[in-house]
Amino acid sequence: MSATARKTAPLPDDIRAMKGGTPIVSLTAYTTPMAQMMDAHCDFVLVGDSVGMVLHGLPSTLGVTMEMMVMHGQAVARGLSSAMMVIDMPFGSYEQGPEQAFRNAARLMAETSAGAVKLEGGVAMADTIAFLVARGIPVMAHVGLTPQSINTLGGYKVQGRGDAGAALKADAEAVAAAGAFAVVLEKVPERLANDITEAVEIPTIGIGASAGCDGQILVVDDMLGLFTAFKAKFVKRYAELGKVGEAAIGAYAEDVRARRFPGPEHVFADVVPGAKA
């Protein structure tokens with residue numbers, strides 16, 4: 001069923017059941033208006049920790065807090081009715097162990113009404129994923145380039161090339177076996193992404209991976225041209241709203257300085273039209 005025909009939001013099991021079918025559509029969102037725009041078109045919407053870079057001007061996702069994720073999750077939830085909401089667990093909220101992960105995942109779901117959480121890591125996080133799933137918390141996994149590990153990965157590099165491919169494939173297989181209902185593959189060579197998609201029984205969601213993945217996700221500000229600090233190779237710009245917005249702001253500034261704004265139609269008269277003076 002297409003997102004536009006659906007009347008209720010899918011559950012994690014519904015996303016899992018889309019494996020091998022019509023590609024799954026997803027974008028990130030951080031605000032109510034943006035969520036409203038994508039609700040009818042996406043199968044799930046991710047409240048990503050990319051919010052730190054996109055909206056808060058942070059140099060990476062590492063400074064994002066639980067409080068930030070809760071606030072933006074609540075905002076996005078207000079704009080969704082037919083797409084499922086998945087929310088990122090921020091850096092430091094789950095790596096210590098399964099119990100810590102459960103406390104923070106439970107908080108995120110309870111306070112935002114998210115349908116699932118997403119966390120980064122493969123084999124090392126398999127036990128945590130299994131712990132969460134066994135306690136009623138659906139998990140979307142994320143392997144390949146994991147931005148929260150950027151300091152140990154040596155930068156935003158393609159992951160899984162050459163001999164490293166076997167370990168990355170093992171990561172994807174481990175999270176699937178642990179009970180994740182889907183796995184994001186970020187910045188992974190096309191052939192490896194296809195191999196993983198064939199090997200695992202859960203949907204793969206590509207971002208800088210392959211058109212052969214079971215679905216795709218992009219940061220919405222990237223694809224709309226709102227975030228312009230840099231453009232990743234895997235991003236396709238569907239609009240240039242940043243340039244449009246800057247031009248509009250410039251026109252507004254000119255009108256204000258020239259006293260063209262506000263005009264007569266934007267101000268209020270002392271007397272209500274039609275009333276006796």
# chains A, B, ... in the order shown; residues from 1 in each chain; ligands from 1
>>> select_by_dssp(residues="stretch 141-211 of chain A", states="strand (DSSP E)", output="ChimeraX atom specification")
/A:141-144,182-186,204-207
>>> write_last_selection(atoms="N, CA and C atoms", output="mmCIF file, in the first residue's frame")
data_model
loop_
_atom_site.group_PDB
_atom_site.id
_atom_site.type_symbol
_atom_site.label_atom_id
_atom_site.label_comp_id
_atom_site.auth_asym_id
_atom_site.auth_seq_id
_atom_site.Cartn_x
_atom_site.Cartn_y
_atom_site.Cartn_z
ATOM 1 N N ALA A 141 18.240 -0.452 13.153
ATOM 2 C CA ALA A 141 19.689 -0.409 13.315
ATOM 3 C C ALA A 141 20.314 0.496 12.260
ATOM 4 N N HIS A 142 21.594 0.797 12.435
ATOM 5 C CA HIS A 142 22.313 1.699 11.528
ATOM 6 C C HIS A 142 23.764 1.255 11.490
ATOM 7 N N VAL A 143 24.220 0.816 10.313
ATOM 8 C CA VAL A 143 25.607 0.360 10.168
ATOM 9 C C VAL A 143 26.238 1.048 8.959
ATOM 10 N N GLY A 144 27.554 0.831 8.814
ATOM 11 C CA GLY A 144 28.296 1.516 7.766
ATOM 12 C C GLY A 144 28.928 2.747 8.368
ATOM 13 N N ALA A 182 14.614 -3.242 10.732
ATOM 14 C CA ALA A 182 15.187 -2.676 9.510
ATOM 15 C C ALA A 182 16.590 -2.190 9.850
ATOM 16 N N VAL A 183 17.406 -1.963 8.822
ATOM 17 C CA VAL A 183 18.768 -1.496 9.058
ATOM 18 C C VAL A 183 19.140 -0.441 8.017
ATOM 19 N N VAL A 184 19.636 0.688 8.490
ATOM 20 C CA VAL A 184 20.142 1.731 7.608
ATOM 21 C C VAL A 184 21.566 1.396 7.202
ATOM 22 N N LEU A 185 21.849 1.498 5.910
ATOM 23 C CA LEU A 185 23.202 1.317 5.372
ATOM 24 C C LEU A 185 23.678 2.666 4.876
ATOM 25 N N GLU A 186 24.644 3.260 5.574
ATOM 26 C CA GLU A 186 25.110 4.601 5.200
ATOM 27 C C GLU A 186 26.506 4.555 4.611
ATOM 28 N N THR A 204 16.621 -3.106 4.113
ATOM 29 C CA THR A 204 17.768 -2.217 4.171
ATOM 30 C C THR A 204 17.324 -0.840 3.674
ATOM 31 N N ILE A 205 17.729 0.190 4.405
ATOM 32 C CA ILE A 205 17.387 1.560 4.045
ATOM 33 C C ILE A 205 18.678 2.259 3.664
ATOM 34 N N GLY A 206 18.812 2.612 2.408
ATOM 35 C CA GLY A 206 20.058 3.164 1.921
ATOM 36 C C GLY A 206 20.156 4.669 2.059
ATOM 37 N N ILE A 207 21.356 5.134 2.393
ATOM 38 C CA ILE A 207 21.712 6.552 2.291
ATOM 39 C C ILE A 207 23.173 6.571 1.857
#
>>> residues_around(residues="A:Lys157", least_positions_apart="4", cutoff="8 Å", atoms="only C-alpha atoms", output="PyMOL selection string")
chain A and resi 145+153+187
>>> closest_residue(among="A:Arg78, A:Asp214, A:Pro90, A:Val220", to="A:Gly63", atoms="only C-alpha atoms")
A:Pro90
>>> select_by_dssp(residues="stretch 236-271 of chain A", states="alpha helix (DSSP H)", output="JSON, numbers by chain")
{"A": [241, 242, 243, 244, 245, 246, 247, 248, 249, 250, 251, 252, 253, 254, 255, 256, 257]}
>>> closest_atom_pairs(of="stretch 25-76 of chain A", to="stretch 222-228 of chain A", cutoff="10 Å", atoms="only C-alpha atoms", output="JSON lines")
{"residue": "A:Leu27", "atom": "CA", "partner": "A:Met223", "partner_atom": "CA", "distance": 9.3}
{"residue": "A:Thr28", "atom": "CA", "partner": "A:Asp222", "partner_atom": "CA", "distance": 9.8}
{"residue": "A:Met53", "atom": "CA", "partner": "A:Phe227", "partner_atom": "CA", "distance": 9.1}
{"residue": "A:Val54", "atom": "CA", "partner": "A:Phe227", "partner_atom": "CA", "distance": 6.4}
{"residue": "A:Leu55", "atom": "CA", "partner": "A:Phe227", "partner_atom": "CA", "distance": 8.8}
>>> atom_distance(atom1="atom CA of A:His56", atom2="atom CA of A:Gly73")
15.0 Å
>>> closest_residue(among="A:Leu80, A:Ala176, A:Thr61, A:Cys213", to="A:Asn151", atoms="only C-alpha atoms")
A:Thr61
>>> residues_around(residues="stretch 100-113 of chain A", least_positions_apart="3", cutoff="8 Å", atoms="only C-alpha atoms", output="ChimeraX atom specification")
/A:66,69-70,73-74,77,87,89,93-97,116-117,128,131-132,137
>>> write_last_selection(atoms="all heavy atoms", output="short mmCIF file (atom, residue, chain, number, x, y, z; two decimals), in the first residue's frame")
data_model
loop_
_atom_site.label_atom_id
_atom_site.label_comp_id
_atom_site.auth_asym_id
_atom_site.auth_seq_id
_atom_site.Cartn_x
_atom_site.Cartn_y
_atom_site.Cartn_z
N MET A 66 19.50 14.17 24.91
CA MET A 66 18.17 13.56 25.03
C MET A 66 17.09 14.62 25.02
O MET A 66 16.03 14.45 24.40
CB MET A 66 18.10 12.74 26.32
CG MET A 66 18.77 11.38 26.26
SD MET A 66 17.83 10.18 25.27
CE MET A 66 16.38 9.95 26.30
N MET A 69 16.36 15.71 21.52
CA MET A 69 15.63 14.70 20.76
C MET A 69 14.17 14.64 21.20
O MET A 69 13.26 14.49 20.36
CB MET A 69 16.30 13.33 20.92
CG MET A 69 17.70 13.23 20.31
SD MET A 69 17.80 13.78 18.58
CE MET A 69 16.66 12.64 17.79
N VAL A 70 13.92 14.76 22.49
CA VAL A 70 12.53 14.75 22.98
C VAL A 70 11.77 15.94 22.40
O VAL A 70 10.65 15.81 21.90
CB VAL A 70 12.50 14.76 24.52
CG1 VAL A 70 11.08 15.07 25.02
CG2 VAL A 70 12.96 13.41 25.08
N GLY A 73 11.26 15.47 18.70
CA GLY A 73 10.35 14.34 18.50
C GLY A 73 8.91 14.73 18.75
O GLY A 73 8.00 14.35 18.00
N GLN A 74 8.67 15.50 19.80
CA GLN A 74 7.31 15.96 20.10
C GLN A 74 6.79 16.86 18.99
O GLN A 74 5.61 16.78 18.61
CB GLN A 74 7.30 16.69 21.44
CG GLN A 74 7.52 15.78 22.63
CD GLN A 74 7.71 16.54 23.93
OE1 GLN A 74 8.03 17.73 23.93
NE2 GLN A 74 7.53 15.85 25.05
N ALA A 77 5.95 14.66 15.91
CA ALA A 77 4.76 13.84 16.17
C ALA A 77 3.48 14.63 15.92
O ALA A 77 2.48 14.07 15.45
CB ALA A 77 4.78 13.31 17.59
N ILE A 87 12.81 7.59 16.02
CA ILE A 87 13.63 8.64 16.63
C ILE A 87 15.01 8.10 16.96
O ILE A 87 15.16 6.97 17.45
CB ILE A 87 12.93 9.23 17.87
CG1 ILE A 87 13.67 10.47 18.39
CG2 ILE A 87 12.76 8.18 18.98
CD1 ILE A 87 12.84 11.30 19.36
N MET A 89 18.45 7.62 18.94
CA MET A 89 19.02 7.69 20.28
C MET A 89 20.34 8.46 20.17
O MET A 89 21.21 8.07 19.39
CB MET A 89 19.23 6.30 20.85
CG MET A 89 17.95 5.51 21.02
SD MET A 89 18.17 4.00 22.00
CE MET A 89 18.44 4.72 23.65
N SER A 93 23.65 7.83 24.99
CA SER A 93 22.40 7.44 25.64
C SER A 93 22.17 5.93 25.66
O SER A 93 21.19 5.47 26.25
CB SER A 93 21.21 8.12 24.95
OG SER A 93 21.00 7.60 23.65
N TYR A 94 23.07 5.16 25.03
CA TYR A 94 22.84 3.71 24.94
C TYR A 94 24.10 2.86 24.92
O TYR A 94 24.05 1.65 25.14
CB TYR A 94 22.01 3.38 23.68
CG TYR A 94 22.67 3.76 22.38
CD1 TYR A 94 23.44 2.85 21.66
CD2 TYR A 94 22.52 5.03 21.86
CE1 TYR A 94 24.04 3.20 20.46
CE2 TYR A 94 23.11 5.40 20.66
CZ TYR A 94 23.88 4.48 19.97
OH TYR A 94 24.46 4.85 18.79
N GLU A 95 25.26 3.46 24.72
CA GLU A 95 26.48 2.69 24.55
C GLU A 95 26.96 2.01 25.84
O GLU A 95 27.70 1.03 25.78
CB GLU A 95 27.60 3.59 24.00
CG GLU A 95 27.34 4.11 22.60
CD GLU A 95 26.60 5.44 22.59
OE1 GLU A 95 25.99 5.80 23.63
OE2 GLU A 95 26.62 6.11 21.55
N GLN A 96 26.56 2.53 26.99
CA GLN A 96 27.05 1.99 28.25
C GLN A 96 26.57 0.57 28.52
O GLN A 96 27.25 -0.22 29.15
CB GLN A 96 26.63 2.91 29.41
CG GLN A 96 27.21 2.52 30.76
CD GLN A 96 26.83 3.51 31.84
OE1 GLN A 96 26.14 4.50 31.58
NE2 GLN A 96 27.28 3.27 33.05
N GLY A 97 25.39 0.24 28.01
CA GLY A 97 24.87 -1.10 28.22
C GLY A 97 23.37 -1.17 27.98
O GLY A 97 22.70 -0.15 27.82
N ALA A 116 9.37 3.70 17.10
CA ALA A 116 10.59 2.91 17.21
C ALA A 116 11.75 3.85 17.47
O ALA A 116 11.64 5.07 17.26
CB ALA A 116 10.85 2.11 15.93
N VAL A 117 12.86 3.29 17.93
CA VAL A 117 14.09 4.05 18.08
C VAL A 117 15.11 3.54 17.08
O VAL A 117 15.00 2.41 16.59
CB VAL A 117 14.67 3.95 19.51
CG1 VAL A 117 13.69 4.49 20.53
CG2 VAL A 117 15.08 2.51 19.85
N THR A 128 22.39 -5.32 22.92
CA THR A 128 21.52 -4.22 23.33
C THR A 128 20.23 -4.21 22.54
O THR A 128 19.14 -4.01 23.08
CB THR A 128 22.27 -2.88 23.18
OG1 THR A 128 23.36 -2.85 24.10
CG2 THR A 128 21.35 -1.71 23.46
N PHE A 131 18.01 -6.94 23.79
CA PHE A 131 17.48 -6.56 25.10
C PHE A 131 16.28 -5.63 24.94
O PHE A 131 15.24 -5.80 25.59
CB PHE A 131 18.59 -5.89 25.91
CG PHE A 131 18.24 -5.63 27.34
CD1 PHE A 131 18.52 -6.58 28.33
CD2 PHE A 131 17.67 -4.42 27.73
CE1 PHE A 131 18.23 -6.33 29.67
CE2 PHE A 131 17.38 -4.16 29.06
CZ PHE A 131 17.65 -5.12 30.03
N LEU A 132 16.42 -4.63 24.07
CA LEU A 132 15.33 -3.68 23.85
C LEU A 132 14.12 -4.35 23.21
O LEU A 132 12.98 -4.15 23.65
CB LEU A 132 15.82 -2.53 22.98
CG LEU A 132 16.91 -1.62 23.56
CD1 LEU A 132 17.29 -0.55 22.55
CD2 LEU A 132 16.46 -0.98 24.86
N ILE A 137 10.52 -2.63 22.75
CA ILE A 137 10.98 -1.43 22.08
C ILE A 137 11.50 -1.80 20.69
O ILE A 137 12.57 -2.41 20.57
CB ILE A 137 12.08 -0.72 22.89
CG1 ILE A 137 11.49 -0.23 24.21
CG2 ILE A 137 12.67 0.45 22.09
CD1 ILE A 137 12.46 0.49 25.10
#
>>> atom_distance(atom1="atom CA of A:Glu201", atom2="atom CA of A:Glu173")
8.8 Å
>>> residues_around(residues="A:Ala29", least_positions_apart="3", cutoff="12 Å", atoms="only C-alpha atoms", output="number ranges by chain")
A: 26, 32-39, 42, 44-51, 54-55, 69, 72-80, 83-88, 217-224
>>> atom_distance(atom1="atom CA of A:Lys243", atom2="atom CA of A:Pro262")
23.7 Å
>>> residues_around(residues="stretch 9-13 of chain A", least_positions_apart="2", cutoff="7 Å", atoms="only C-alpha atoms", output="PyMOL selection string")
chain A and resi 7+15-17+81-84+115+138+181
>>> write_last_selection(atoms="C-alpha atoms", output="PDB file, in the first residue's frame")
ATOM      1  CA  LYS A   7      -4.977   6.099   6.540  1.00  0.00           C
ATOM      2  CA  ILE A  15       7.869  -1.841   7.566  1.00  0.00           C
ATOM      3  CA  ARG A  16       9.558  -5.220   8.000  1.00  0.00           C
ATOM      4  CA  ALA A  17       6.925  -6.785   5.723  1.00  0.00           C
ATOM      5  CA  SER A  81      -0.813  10.929  11.085  1.00  0.00           C
ATOM      6  CA  SER A  82      -0.068   8.428   8.296  1.00  0.00           C
ATOM      7  CA  ALA A  83       3.719   7.961   8.538  1.00  0.00           C
ATOM      8  CA  MET A  84       5.475   6.112  11.354  1.00  0.00           C
ATOM      9  CA  GLY A 115       6.963   4.019  16.936  1.00  0.00           C
ATOM     10  CA  PRO A 138      11.239  -1.778  18.278  1.00  0.00           C
ATOM     11  CA  PHE A 181      13.084  -4.605  12.046  1.00  0.00           C
TER      12      PHE A 181
END
